[in-house]
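Trainee: Sharing run15.cif below, mmCIF, C-alpha atoms:
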```cif
data_data
loop_
_atom_site.label_atom_id
_atom_site.label_comp_id
_atom_site.auth_asym_id
_atom_site.auth_seq_id
_atom_site.Cartn_x
_atom_site.Cartn_y
_atom_site.Cartn_z
CA MET A 1 -80.33 -31.48 -35.92
CA LYS A 2 -79.58 -27.88 -34.84
CA LEU A 3 -78.37 -27.66 -31.26
CA ASP A 4 -79.26 -24.82 -28.92
CA LEU A 5 -76.05 -22.71 -29.05
CA PRO A 6 -76.16 -21.25 -25.50
CA ARG A 7 -76.76 -24.66 -23.90
CA GLU A 8 -74.06 -26.30 -26.01
CA THR A 9 -71.63 -23.49 -25.11
CA ALA A 10 -72.42 -23.92 -21.39
CA LEU A 11 -71.76 -27.66 -21.77
CA LYS A 12 -68.36 -27.05 -23.35
CA VAL A 13 -67.40 -24.64 -20.57
CA LEU A 14 -68.43 -27.12 -17.86
CA TYR A 15 -66.52 -29.89 -19.59
CA GLU A 16 -63.34 -27.77 -19.59
CA ILE A 17 -63.79 -26.91 -15.91
CA ASN A 18 -64.53 -30.47 -14.76
CA LYS A 19 -62.21 -32.39 -17.07
CA SER A 20 -59.26 -30.02 -17.49
CA GLY A 21 -59.40 -28.15 -14.18
CA ALA A 22 -59.87 -24.80 -15.92
CA TYR A 23 -60.89 -21.79 -13.81
CA SER A 24 -64.59 -21.05 -14.31
CA ASN A 25 -64.17 -17.34 -15.15
CA ILE A 26 -61.33 -17.99 -17.63
CA ALA A 27 -63.13 -20.89 -19.35
CA LEU A 28 -66.33 -18.85 -19.56
CA ASN A 29 -64.66 -15.73 -20.94
CA LYS A 30 -62.91 -17.80 -23.60
CA TYR A 31 -66.26 -18.92 -25.02
CA LEU A 32 -68.06 -15.59 -24.60
CA GLU A 33 -65.48 -13.46 -26.41
CA GLY A 34 -66.77 -13.96 -29.96
CA GLY A 35 -69.47 -11.83 -31.56
CA GLU A 36 -71.72 -14.79 -32.40
CA LEU A 37 -73.65 -14.60 -29.12
CA SER A 38 -76.09 -11.89 -28.08
CA ASN A 39 -75.93 -10.28 -24.62
CA LEU A 40 -79.04 -12.29 -23.70
CA ASP A 41 -77.32 -15.53 -24.76
CA LYS A 42 -74.20 -14.62 -22.79
CA ALA A 43 -76.25 -13.91 -19.67
CA PHE A 44 -78.03 -17.27 -20.06
CA ILE A 45 -74.75 -19.17 -20.54
CA THR A 46 -73.24 -17.47 -17.50
CA GLU A 47 -76.29 -18.38 -15.41
CA LEU A 48 -76.16 -22.01 -16.60
CA VAL A 49 -72.43 -22.39 -15.91
CA TYR A 50 -72.27 -20.69 -12.53
CA GLY A 51 -75.61 -22.10 -11.41
CA THR A 52 -74.66 -25.67 -12.31
CA LEU A 53 -71.27 -25.26 -10.61
CA LYS A 54 -72.83 -23.69 -7.54
CA TRP A 55 -75.42 -26.43 -7.04
CA ARG A 56 -73.28 -29.33 -8.29
CA LEU A 57 -73.41 -31.42 -5.11
CA SER A 58 -77.18 -31.02 -4.75
CA ILE A 59 -77.67 -31.76 -8.45
CA ASP A 60 -75.56 -34.93 -8.26
CA TYR A 61 -77.57 -35.99 -5.19
CA ILE A 62 -80.76 -35.59 -7.25
CA ILE A 63 -79.32 -37.46 -10.24
CA ASP A 64 -78.37 -40.34 -7.94
CA GLN A 65 -82.00 -40.64 -6.83
CA PHE A 66 -83.35 -40.91 -10.36
CA SER A 67 -80.56 -42.65 -12.27
CA SER A 68 -80.07 -46.39 -12.68
CA VAL A 69 -76.39 -45.72 -13.50
CA LYS A 70 -73.93 -44.50 -10.87
CA ILE A 71 -72.54 -41.03 -11.54
CA LYS A 72 -68.93 -42.21 -11.57
CA LYS A 73 -69.74 -44.52 -14.50
CA LEU A 74 -71.13 -41.74 -16.70
CA SER A 75 -69.00 -40.06 -19.35
CA PRO A 76 -68.10 -36.43 -18.47
CA TRP A 77 -70.23 -35.19 -21.39
CA ILE A 78 -73.36 -37.05 -20.35
CA LEU A 79 -72.91 -36.19 -16.68
CA ASN A 80 -72.63 -32.49 -17.47
CA ILE A 81 -75.64 -32.66 -19.82
CA LEU A 82 -77.63 -34.17 -16.94
CA ARG A 83 -76.36 -31.54 -14.51
CA LEU A 84 -77.39 -28.75 -16.87
CA GLY A 85 -80.81 -30.34 -17.36
CA VAL A 86 -81.44 -30.82 -13.63
CA TYR A 87 -80.29 -27.27 -12.91
CA GLN A 88 -82.84 -25.90 -15.38
CA LEU A 89 -85.64 -28.11 -14.05
CA VAL A 90 -85.06 -27.58 -10.34
CA TYR A 91 -83.43 -24.15 -10.01
CA MET A 92 -84.67 -22.13 -13.00
CA SER A 93 -88.41 -21.66 -12.68
CA LYS A 94 -88.75 -19.66 -15.92
CA ILE A 95 -87.37 -22.42 -18.16
CA PRO A 96 -90.11 -24.58 -19.72
CA GLU A 97 -89.81 -28.23 -18.72
CA SER A 98 -90.00 -29.32 -22.37
CA ALA A 99 -87.08 -27.07 -23.36
CA ALA A 100 -84.88 -28.30 -20.51
CA CYS A 101 -85.57 -31.96 -21.39
CA ASN A 102 -85.61 -31.79 -25.19
CA GLU A 103 -82.47 -29.67 -25.57
CA SER A 104 -80.62 -31.97 -23.14
CA VAL A 105 -81.65 -34.99 -25.21
CA ASN A 106 -80.40 -33.27 -28.37
CA LEU A 107 -77.05 -32.60 -26.71
CA ALA A 108 -76.85 -36.25 -25.62
CA LYS A 109 -77.39 -37.36 -29.22
CA ARG A 110 -74.44 -35.20 -30.32
CA TYR A 111 -72.08 -35.91 -27.42
CA GLY A 112 -73.12 -39.50 -26.68
CA HIS A 113 -75.11 -42.09 -28.63
CA SER A 114 -78.74 -43.20 -29.00
CA ALA A 115 -78.74 -45.11 -25.68
CA SER A 116 -77.29 -42.02 -23.95
CA SER A 117 -80.06 -39.81 -25.26
CA ARG A 118 -82.76 -42.25 -24.12
CA TYR A 119 -81.12 -42.44 -20.69
CA VAL A 120 -80.90 -38.63 -20.36
CA ASN A 121 -84.54 -38.33 -21.43
CA ALA A 122 -85.68 -40.91 -18.86
CA VAL A 123 -83.75 -39.34 -15.96
CA LEU A 124 -84.85 -35.78 -16.69
CA ARG A 125 -88.52 -36.70 -17.27
CA ASN A 126 -88.48 -38.52 -13.91
CA VAL A 127 -86.95 -35.50 -12.19
CA ALA A 128 -89.54 -33.21 -13.83
CA ARG A 129 -92.41 -35.41 -12.62
CA SER A 130 -91.13 -35.84 -9.08
CA ARG A 131 -89.11 -32.72 -8.30
CA ASP A 132 -91.47 -31.79 -5.45
CA LYS A 133 -90.80 -35.16 -3.81
CA ILE A 134 -87.01 -35.07 -3.79
CA GLY A 135 -85.81 -36.40 -0.44
CA TYR A 136 -83.00 -34.70 1.47
CA PRO A 137 -81.01 -35.96 4.48
CA ASP A 138 -82.77 -35.58 7.82
CA LYS A 139 -81.72 -32.37 9.57
CA THR A 140 -82.15 -33.68 13.11
CA SER A 141 -80.21 -36.92 12.69
CA ASP A 142 -77.43 -35.64 10.37
CA LEU A 143 -77.09 -31.85 10.30
CA VAL A 144 -73.82 -31.88 8.32
CA ALA A 145 -75.29 -34.01 5.51
CA TYR A 146 -78.49 -31.94 5.47
CA LEU A 147 -76.70 -28.58 5.17
CA SER A 148 -74.15 -30.01 2.74
CA ILE A 149 -76.79 -31.29 0.31
CA LYS A 150 -79.31 -28.48 0.80
CA TYR A 151 -76.76 -25.73 0.17
CA SER A 152 -74.34 -27.67 -2.06
CA HIS A 153 -71.13 -27.37 -0.03
CA PRO A 154 -68.64 -30.17 0.69
CA ASP A 155 -69.26 -31.81 4.06
CA TRP A 156 -65.74 -31.05 5.37
CA MET A 157 -66.39 -27.34 4.87
CA VAL A 158 -69.80 -27.51 6.54
CA LYS A 159 -68.41 -29.45 9.50
CA LYS A 160 -65.54 -26.98 9.98
CA TRP A 161 -67.88 -23.99 9.99
CA LEU A 162 -70.45 -25.64 12.26
CA GLU A 163 -67.73 -26.25 14.84
CA ARG A 164 -66.56 -22.64 14.64
CA PHE A 165 -69.76 -20.66 14.08
CA GLY A 166 -72.68 -22.86 15.16
CA GLU A 167 -75.75 -23.81 13.16
CA SER A 168 -77.50 -20.48 12.60
CA PHE A 169 -74.42 -18.53 11.38
CA THR A 170 -73.24 -21.46 9.24
CA GLU A 171 -76.60 -21.84 7.50
CA GLY A 172 -76.62 -18.09 6.81
CA LEU A 173 -73.08 -18.28 5.41
CA LEU A 174 -73.92 -21.24 3.15
CA ARG A 175 -77.04 -19.46 1.91
CA SER A 176 -75.05 -16.26 1.17
CA ASN A 177 -72.41 -18.23 -0.73
CA ASN A 178 -75.16 -19.29 -3.15
CA ASP A 179 -76.39 -15.73 -3.72
CA THR A 180 -75.49 -13.98 -6.96
CA ALA A 181 -72.76 -11.48 -6.15
CA PRO A 182 -73.48 -7.94 -7.34
CA LEU A 183 -71.34 -6.19 -9.95
CA THR A 184 -69.72 -3.43 -7.92
CA VAL A 185 -67.43 -0.89 -9.56
CA ARG A 186 -64.98 1.68 -8.24
CA VAL A 187 -65.25 5.15 -9.71
CA ASN A 188 -61.95 6.24 -11.27
CA THR A 189 -61.59 9.51 -9.39
CA LEU A 190 -58.73 10.56 -11.68
CA LYS A 191 -61.19 10.86 -14.56
CA THR A 192 -64.70 11.36 -13.18
CA SER A 193 -66.96 11.60 -10.13
CA ARG A 194 -69.57 9.19 -8.84
CA GLU A 195 -72.40 11.42 -10.07
CA GLU A 196 -70.84 11.80 -13.53
CA LEU A 197 -70.30 8.03 -13.80
CA GLU A 198 -73.91 7.39 -12.80
CA ASN A 199 -75.00 9.71 -15.64
CA SER A 200 -72.64 8.05 -18.12
CA LEU A 201 -73.99 4.61 -17.20
CA ARG A 202 -77.58 5.83 -17.37
CA ASN A 203 -76.96 7.19 -20.88
CA GLU A 204 -75.77 3.70 -21.89
CA GLY A 205 -78.91 2.13 -20.42
CA PHE A 206 -77.43 0.85 -17.16
CA GLU A 207 -79.07 1.22 -13.77
CA SER A 208 -76.66 1.88 -10.90
CA VAL A 209 -77.03 2.62 -7.21
CA THR A 210 -74.61 3.80 -4.55
CA ALA A 211 -72.84 0.83 -2.96
CA LYS A 212 -73.27 -0.14 0.69
CA TYR A 213 -70.18 1.38 2.30
CA VAL A 214 -67.61 2.97 -0.01
CA ASP A 215 -68.38 6.48 -1.29
CA SER A 216 -66.59 5.96 -4.60
CA ALA A 217 -68.41 2.70 -5.40
CA LEU A 218 -71.51 1.89 -7.47
CA THR A 219 -73.45 -1.32 -7.97
CA ILE A 220 -74.69 -1.89 -11.52
CA ASN A 221 -78.05 -3.65 -11.41
CA ASN A 222 -78.25 -4.74 -15.06
CA PRO A 223 -74.66 -5.45 -16.12
CA SER A 224 -73.70 -6.84 -19.51
CA SER A 225 -70.44 -7.43 -21.37
CA LEU A 226 -67.82 -5.05 -19.97
CA ALA A 227 -66.02 -4.92 -23.30
CA ARG A 228 -69.08 -3.29 -24.86
CA MET A 229 -69.49 -0.64 -22.16
CA GLU A 230 -68.24 2.75 -23.29
CA ALA A 231 -67.67 3.92 -19.70
CA PHE A 232 -65.42 0.90 -19.11
CA ALA A 233 -63.44 1.44 -22.32
CA LYS A 234 -62.90 5.09 -21.35
CA GLY A 235 -61.49 4.00 -17.99
CA LEU A 236 -64.20 5.66 -15.90
CA PHE A 237 -64.40 2.69 -13.54
CA GLN A 238 -62.76 -0.51 -12.37
CA VAL A 239 -64.72 -3.63 -11.36
CA GLN A 240 -63.96 -4.32 -7.69
CA ASP A 241 -65.93 -5.56 -4.69
CA GLU A 242 -66.24 -3.21 -1.74
CA SER A 243 -64.28 -5.60 0.51
CA SER A 244 -61.35 -5.28 -1.87
CA MET A 245 -61.72 -1.48 -1.93
CA LEU A 246 -61.54 -1.40 1.86
CA VAL A 247 -58.00 -2.79 1.64
CA GLY A 248 -56.87 0.38 -0.11
CA LYS A 249 -58.80 2.50 2.39
CA VAL A 250 -57.05 0.78 5.32
CA LEU A 251 -53.63 1.11 3.65
CA ASP A 252 -54.47 4.84 3.32
CA PRO A 253 -51.60 5.81 0.96
CA LYS A 254 -50.70 9.49 0.53
CA PRO A 255 -49.67 11.42 -2.61
CA GLY A 256 -45.92 11.31 -3.20
CA GLU A 257 -45.29 8.08 -1.27
CA PHE A 258 -43.51 4.92 -2.40
CA VAL A 259 -45.85 1.90 -2.10
CA VAL A 260 -45.22 -1.77 -2.89
CA ASP A 261 -48.02 -4.23 -3.69
CA VAL A 262 -46.27 -7.60 -3.60
CA CYS A 263 -49.15 -9.77 -4.94
CA SER A 264 -50.88 -7.30 -7.22
CA ALA A 265 -52.70 -9.13 -10.03
CA PRO A 266 -55.17 -8.45 -11.52
CA GLY A 267 -54.48 -4.91 -10.34
CA GLY A 268 -57.67 -3.75 -8.62
CA LYS A 269 -55.93 -2.79 -5.39
CA SER A 270 -52.83 -1.31 -7.05
CA THR A 271 -54.90 0.95 -9.30
CA HIS A 272 -57.04 1.97 -6.31
CA ILE A 273 -53.88 2.84 -4.36
CA ALA A 274 -52.67 4.99 -7.29
CA GLU A 275 -56.02 6.81 -7.39
CA LEU A 276 -55.93 7.44 -3.62
CA MET A 277 -52.42 8.87 -4.17
CA GLU A 278 -53.89 11.20 -6.84
CA ASN A 279 -51.48 9.67 -9.37
CA ARG A 280 -48.48 11.17 -7.53
CA GLY A 281 -45.62 9.08 -6.13
CA GLN A 282 -44.80 5.52 -7.15
CA VAL A 283 -46.51 2.15 -6.81
CA VAL A 284 -44.56 -1.03 -7.56
CA ALA A 285 -47.07 -3.74 -8.54
CA ARG A 286 -45.69 -7.27 -8.69
CA ASP A 287 -46.86 -10.74 -9.62
CA ILE A 288 -45.12 -14.02 -10.34
CA HIS A 289 -46.93 -14.63 -13.67
CA GLU A 290 -46.29 -12.69 -16.88
CA HIS A 291 -49.88 -13.05 -18.14
CA LYS A 292 -51.15 -11.52 -14.90
CA ILE A 293 -48.75 -8.60 -15.19
CA LYS A 294 -50.31 -8.02 -18.61
CA LEU A 295 -53.74 -7.71 -16.93
CA ILE A 296 -52.39 -5.08 -14.54
CA ASN A 297 -50.81 -3.13 -17.41
CA GLU A 298 -54.07 -3.18 -19.37
CA ALA A 299 -55.97 -1.81 -16.36
CA VAL A 300 -53.31 0.85 -15.72
CA GLN A 301 -53.44 2.05 -19.32
CA ARG A 302 -57.25 2.08 -19.49
CA LEU A 303 -57.56 3.99 -16.22
CA GLY A 304 -54.94 6.58 -17.22
CA ILE A 305 -52.54 5.92 -14.34
CA ASP A 306 -48.87 6.99 -14.65
CA ILE A 307 -47.30 5.98 -11.32
CA ILE A 308 -47.58 2.18 -11.37
CA LYS A 309 -44.47 0.23 -12.28
CA THR A 310 -45.22 -3.46 -12.89
CA GLU A 311 -42.64 -6.17 -12.28
CA ILE A 312 -42.55 -9.95 -12.55
CA PHE A 313 -41.33 -11.07 -9.14
CA ASP A 314 -41.93 -13.97 -6.76
CA ALA A 315 -43.15 -12.51 -3.45
CA SER A 316 -41.74 -15.51 -1.57
CA GLN A 317 -38.22 -14.43 -2.59
CA GLN A 318 -36.48 -11.48 -0.95
CA ASP A 319 -35.58 -8.39 -3.01
CA LYS A 320 -32.64 -6.80 -1.18
CA ASN A 321 -33.02 -3.63 -3.25
CA LEU A 322 -36.31 -2.84 -1.52
CA LEU A 323 -35.26 -3.39 2.09
CA GLY A 324 -36.40 -0.47 4.27
CA LYS A 325 -37.47 1.61 1.24
CA ALA A 326 -41.30 1.61 1.17
CA ASP A 327 -43.65 3.99 2.98
CA ARG A 328 -46.37 1.36 2.74
CA VAL A 329 -46.45 -2.29 1.71
CA LEU A 330 -49.54 -4.31 0.82
CA VAL A 331 -49.52 -8.09 1.17
CA ASP A 332 -52.79 -9.29 -0.36
CA ALA A 333 -51.74 -12.89 0.09
CA PRO A 334 -52.63 -16.00 -1.94
CA CYS A 335 -55.28 -17.82 0.11
CA THR A 336 -57.99 -20.50 0.09
CA GLY A 337 -60.50 -17.95 -1.24
CA LEU A 338 -63.29 -19.20 1.03
CA GLY A 339 -64.67 -15.67 1.36
CA ILE A 340 -65.48 -15.31 -2.35
CA ILE A 341 -67.34 -18.57 -3.04
CA ARG A 342 -70.37 -16.61 -4.28
CA ARG A 343 -68.12 -15.21 -7.06
CA LYS A 344 -66.14 -18.39 -7.73
CA PRO A 345 -68.31 -21.41 -6.86
CA ASP A 346 -65.71 -23.86 -8.19
CA ILE A 347 -63.63 -23.04 -5.08
CA LYS A 348 -65.97 -25.42 -3.23
CA TRP A 349 -64.85 -28.33 -5.39
CA THR A 350 -61.17 -27.48 -5.94
CA ARG A 351 -60.20 -26.85 -2.32
CA ASN A 352 -59.63 -29.65 0.19
CA THR A 353 -58.60 -30.05 3.83
CA ASN A 354 -54.91 -30.44 2.92
CA ASP A 355 -54.65 -27.07 1.16
CA LEU A 356 -54.69 -24.96 4.29
CA ASN A 357 -51.34 -25.93 5.81
CA GLU A 358 -49.43 -25.39 2.55
CA ILE A 359 -51.10 -22.04 1.91
CA VAL A 360 -50.42 -20.83 5.47
CA LYS A 361 -46.71 -21.66 5.08
CA LEU A 362 -46.58 -19.57 1.89
CA GLN A 363 -48.49 -16.69 3.51
CA GLU A 364 -46.12 -16.66 6.49
CA LYS A 365 -43.11 -16.57 4.20
CA ILE A 366 -44.47 -13.77 2.01
CA LEU A 367 -45.52 -11.64 5.00
CA SER A 368 -42.16 -12.10 6.73
CA ILE A 369 -40.16 -11.20 3.61
CA SER A 370 -42.39 -8.26 2.64
CA SER A 371 -42.23 -6.74 6.12
CA GLY A 372 -38.55 -6.06 5.44
CA TYR A 373 -39.46 -3.59 2.69
CA VAL A 374 -41.24 -1.21 5.09
CA LYS A 375 -39.39 1.90 6.33
CA PRO A 376 -39.18 2.48 10.08
CA GLY A 377 -42.48 4.20 10.91
CA GLY A 378 -44.08 2.81 7.74
CA VAL A 379 -47.28 0.78 7.28
CA LEU A 380 -47.78 -2.91 6.45
CA VAL A 381 -51.24 -4.16 5.45
CA TYR A 382 -51.97 -7.89 5.29
CA SER A 383 -55.23 -9.00 3.66
CA THR A 384 -56.89 -12.13 2.25
CA CYS A 385 -60.19 -13.05 0.63
CA THR A 386 -60.81 -15.91 3.05
CA ILE A 387 -62.58 -16.39 6.39
CA GLU A 388 -60.20 -18.95 7.91
CA PRO A 389 -58.54 -17.80 11.19
CA GLN A 390 -55.33 -19.78 10.45
CA GLU A 391 -54.80 -17.61 7.37
CA ASN A 392 -55.87 -14.40 9.07
CA GLU A 393 -55.76 -13.26 12.70
CA GLU A 394 -53.83 -16.32 13.90
CA LEU A 395 -51.19 -15.79 11.23
CA VAL A 396 -50.87 -12.07 12.03
CA LYS A 397 -50.54 -12.76 15.76
CA LYS A 398 -47.77 -15.28 15.06
CA PHE A 399 -46.01 -12.75 12.80
CA LEU A 400 -46.17 -10.08 15.53
CA LYS A 401 -44.81 -12.52 18.10
CA ASP A 402 -41.82 -13.20 15.83
CA ASN A 403 -41.38 -9.54 14.78
CA GLY A 404 -41.30 -7.21 17.77
CA ASP A 405 -40.72 -4.11 15.65
CA TYR A 406 -44.30 -4.29 14.35
CA TYR A 407 -47.61 -3.61 16.09
CA LEU A 408 -51.27 -3.53 15.07
CA GLU A 409 -52.82 -0.08 15.04
CA ASP A 410 -56.39 1.16 15.39
CA ILE A 411 -58.17 1.32 12.01
CA SER A 412 -61.57 2.51 13.29
CA GLU A 413 -61.23 5.88 11.54
CA LEU A 414 -60.41 4.19 8.22
CA ILE A 415 -63.53 1.99 8.16
CA PRO A 416 -66.62 3.50 6.47
CA ASP A 417 -69.71 4.47 8.44
CA GLY A 418 -72.20 1.64 8.70
CA LEU A 419 -69.55 -1.05 8.94
CA THR A 420 -69.17 -1.61 12.67
CA LYS A 421 -66.43 -4.02 13.68
CA ASP A 422 -65.31 -4.28 17.31
CA THR A 423 -61.89 -5.53 16.28
CA ALA A 424 -61.15 -2.41 14.18
CA LYS A 425 -59.68 -0.74 17.29
CA ASP A 426 -57.35 -3.75 17.58
CA GLY A 427 -56.07 -3.26 14.03
CA TYR A 428 -58.00 -5.79 11.96
CA ILE A 429 -61.45 -6.72 10.64
CA GLN A 430 -63.02 -9.92 9.34
CA LEU A 431 -65.84 -9.47 6.82
CA TYR A 432 -68.51 -12.08 6.01
CA PRO A 433 -70.94 -12.15 3.07
CA ASN A 434 -73.88 -13.18 5.29
CA ILE A 435 -73.24 -10.43 7.85
CA ASP A 436 -71.83 -7.56 5.81
CA GLY A 437 -73.33 -8.21 2.35
CA ILE A 438 -69.91 -7.99 0.67
CA ASP A 439 -67.15 -10.52 -0.02
CA GLY A 440 -65.54 -12.34 2.89
CA PHE A 441 -62.23 -10.55 3.54
CA PHE A 442 -59.66 -10.14 6.29
CA ILE A 443 -57.79 -6.83 6.55
CA SER A 444 -55.13 -5.91 9.12
CA ARG A 445 -52.85 -2.89 9.45
CA MET A 446 -49.49 -2.93 11.20
CA ARG A 447 -46.92 -0.20 11.74
CA ARG A 448 -43.17 -0.60 11.97
CA ARG A 449 -41.66 1.05 15.00
CA SER A 450 -39.45 4.05 14.24
#
```
Written as structure tokens, how would this file's structure read?
Mentor:
Amino acid sequence: MKLDLPRETALKVLYEINKSGAYSNIALNKYLEGGELSNLDKAFITELVYGTLKWRLSIDYIIDQFSSVKIKKLSPWILNILRLGVYQLVYMSKIPESAACNESVNLAKRYGHSASSRYVNAVLRNVARSRDKIGYPDKTSDLVAYLSIKYSHPDWMVKKWLERFGESFTEGLLRSNNDTAPLTVRVNTLKTSREELENSLRNEGFESVTAKYVDSALTINNPSSLARMEAFAKGLFQVQDESSMLVGKVLDPKPGEFVVDVCSAPGGKSTHIAELMENRGQVVARDIHEHKIKLINEAVQRLGIDIIKTEIFDASQQDKNLLGKADRVLVDAPCTGLGIIRRKPDIKWTRNTNDLNEIVKLQEKILSISSGYVKPGGVLVYSTCTIEPQENEELVKKFLKDNGDYYLEDISELIPDGLTKDTAKDGYIQLYPNIDGIDGFFISRMRRRS
């Protein structure tokens, strides 16, 4: 029996993520690296993995309705085979019902036994027959359960956002988190222009359009494997969401300055800073992990940047050699990541209500220590890829209360046209995927008194 390779590969990736706690992007890249798979196969595997992860709660809710066996009693292999099958049947309209069912049964024969394959067949055939009759929680009597199941988000997250934002905004946010995030790239202005990059991409068969806000950004509408893109290999662009690019814009580094990026990996912001500095001056890019420093170095080399010095260093520990030395310091802090769920759907299942307090403590420590590196009159930017006030504006206000030599300064002139934020004049902005169409980010800019 010959198994369908893309579906079997997707199953192996999901197993690693669910059983071993692997990060989705790392597990996926590990299996997509070989030359055995076509670009079409890779795109299908990516869709299966991210789609199944994204809709996991809803899928499990459906399985529960049609299965005689409780989910917690199923082996991880069989459960993930069912999840893949239900995802294809319910969320992928172009997949023939017979293919979704038959290939799942074949996988169950390989990764289970004869009874497993009969069970998988029965559940998926039932789902296929009755998918239009799937019952969801009643919206009027239990709004949290309804939104949680309909949009596949944990109920604690839904409840938290309902209390803060209300029903309409929360539903929009949940819906946006399930959208497919675009592939946005930053033009490497040290090597090319936006127009030249558009032409280079067009010559390779890629369609690109100008991004929403940032002049030096393009969105590629038909992306494929980056490793096979000549423009990527030549260092003509760096993959980066516009929200992340705005961090560099708000930092606004100048040629010849000394800049420190204390939590730099994988290097998108550091390399952007170097480009904004026209490759003149020095950027110290740090991370606590050696393998992440390697990622920064690879990006630096590919992009042709000379001014970035990478260092393995724990941002929660003070470096006395840097005290009062930097013109600008960027603290892109570790965070819950709740602003980038559309890119990393497994965040929904790996985060819990206890994470926040521990993360906030670390953020406070890193910000406090890093602020010491800024020269009098210098700039400190604090950013995260989350939408939680405790990690963002509340944390910055507490920092300012404890550090009277810093103040927030107006960033209105540093924000691109079309992105109107009332709080920009107060020194910070909060971005949301459902409102702004880019990743959820918080960016604040503080200046040290002279």
Trainee: May I ask which of the residues A:Asp436, A:Glu413, A:Glu230, A:Asp426 is the closest one to A:Lys397, counting all atoms listed in the file?
Mentor: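 Of all the options, A:Asp426 lies closest to A:Lys397.
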Trainee: Given the PyMOL selection byres ((chain A and resi 49-59) around 9) and the file above, list the residues it selects as an NGL selection string.
Mentor: :A and (10-11 or 13-14 or 24 or 28 or 44-48 or 60-64 or 80 or 82-84 or 86-88 or 90-91 or 148-154 or 177-178 or 341-346 or 348-349)
Trainee: Is it possible to get the residues within 12 Å of (-69.6, 10.3, -8.9) (coordinates as in the file, counting all atoms listed in the file) written as a PyMOL selection string?
Mentor: chain A and resi 185-201+208-211+214-218+236-237
Trainee: Could you write those residues out with C-alpha atoms, as a PDB file, in the coordinates of the input?
Mentor:
```
ATOM      1  CA  VAL A 185     -67.430  -0.890  -9.560  1.00  0.00           C
ATOM      2  CA  ARG A 186     -64.980   1.680  -8.240  1.00  0.00           C
ATOM      3  CA  VAL A 187     -65.250   5.150  -9.710  1.00  0.00           C
ATOM      4  CA  ASN A 188     -61.950   6.240 -11.270  1.00  0.00           C
ATOM      5  CA  THR A 189     -61.590   9.510  -9.390  1.00  0.00           C
ATOM      6  CA  LEU A 190     -58.730  10.560 -11.680  1.00  0.00           C
ATOM      7  CA  LYS A 191     -61.190  10.860 -14.560  1.00  0.00           C
ATOM      8  CA  THR A 192     -64.700  11.360 -13.180  1.00  0.00           C
ATOM      9  CA  SER A 193     -66.960  11.600 -10.130  1.00  0.00           C
ATOM     10  CA  ARG A 194     -69.570   9.190  -8.840  1.00  0.00           C
ATOM     11  CA  GLU A 195     -72.400  11.420 -10.070  1.00  0.00           C
ATOM     12  CA  GLU A 196     -70.840  11.800 -13.530  1.00  0.00           C
ATOM     13  CA  LEU A 197     -70.300   8.030 -13.800  1.00  0.00           C
ATOM     14  CA  GLU A 198     -73.910   7.390 -12.800  1.00  0.00           C
ATOM     15  CA  ASN A 199     -75.000   9.710 -15.640  1.00  0.00           C
ATOM     16  CA  SER A 200     -72.640   8.050 -18.120  1.00  0.00           C
ATOM     17  CA  LEU A 201     -73.990   4.610 -17.200  1.00  0.00           C
ATOM     18  CA  SER A 208     -76.660   1.880 -10.900  1.00  0.00           C
ATOM     19  CA  VAL A 209     -77.030   2.620  -7.210  1.00  0.00           C
ATOM     20  CA  THR A 210     -74.610   3.800  -4.550  1.00  0.00           C
ATOM     21  CA  ALA A 211     -72.840   0.830  -2.960  1.00  0.00           C
ATOM     22  CA  VAL A 214     -67.610   2.970  -0.010  1.00  0.00           C
ATOM     23  CA  ASP A 215     -68.380   6.480  -1.290  1.00  0.00           C
ATOM     24  CA  SER A 216     -66.590   5.960  -4.600  1.00  0.00           C
ATOM     25  CA  ALA A 217     -68.410   2.700  -5.400  1.00  0.00           C
ATOM     26  CA  LEU A 218     -71.510   1.890  -7.470  1.00  0.00           C
ATOM     27  CA  LEU A 236     -64.200   5.660 -15.900  1.00  0.00           C
ATOM     28  CA  PHE A 237     -64.400   2.690 -13.540  1.00  0.00           C
TER      29      PHE A 237
END
```
Trainee: With the file shown as input, list the residues that the PyMOL selection byres ((chain A and resi 110) around 12) selects, as a PyMOL selection string.
Mentor: chain A and resi 1-4+8+11+77-78+81+103-109+111-117
Trainee: Looking at only C-alpha atoms, which of A:Gly205, A:Gly427, A:Gly324, A:Gly235 is the one that sits closest to A:Ala299?
Mentor: A:Gly235
Trainee: Padding of 3 Å on every side, edges along x, y and z, all listed atoms of stretch 420-429 of chain A included: what centre and edge lengths in Å, to one decimal, does that box have, as AutoDock Vina command-line options?
Mentor:
```
--center_x -62.6 --center_y -3.7 --center_z 14.1 --size_x 19.1 --size_y 12.0 --size_z 12.9
```
Trainee: Using only C-alpha atoms, find each residue in stretch 236-311 of chain A having at least one atom no more than 10 Å away from stretch 384-393 of chain A; report its shortest atom-to-atom pair and that distance in Å (one decimal), rows by chain then rising number, as JSON lines.
Mentor:
```
{"residue": "A:Ser243", "atom": "CA", "partner": "A:Cys385", "partner_atom": "CA", "distance": 8.5}
{"residue": "A:Ser244", "atom": "CA", "partner": "A:Cys385", "partner_atom": "CA", "distance": 8.2}
{"residue": "A:Val247", "atom": "CA", "partner": "A:Thr384", "partner_atom": "CA", "distance": 9.4}
```
Trainee: Find the residues around A:Val396 up to 9 Å (only C-alpha atoms counted), leave out those fewer than 3 positions away in its own chain, and share them as a list in words.
Mentor: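 So, after excluding close chain neighbours, the residues are Glu364, Leu367, Tyr382, Glu391, Asn392, Glu393, Phe399, Leu400, Lys401 and Ser444 of chain A.
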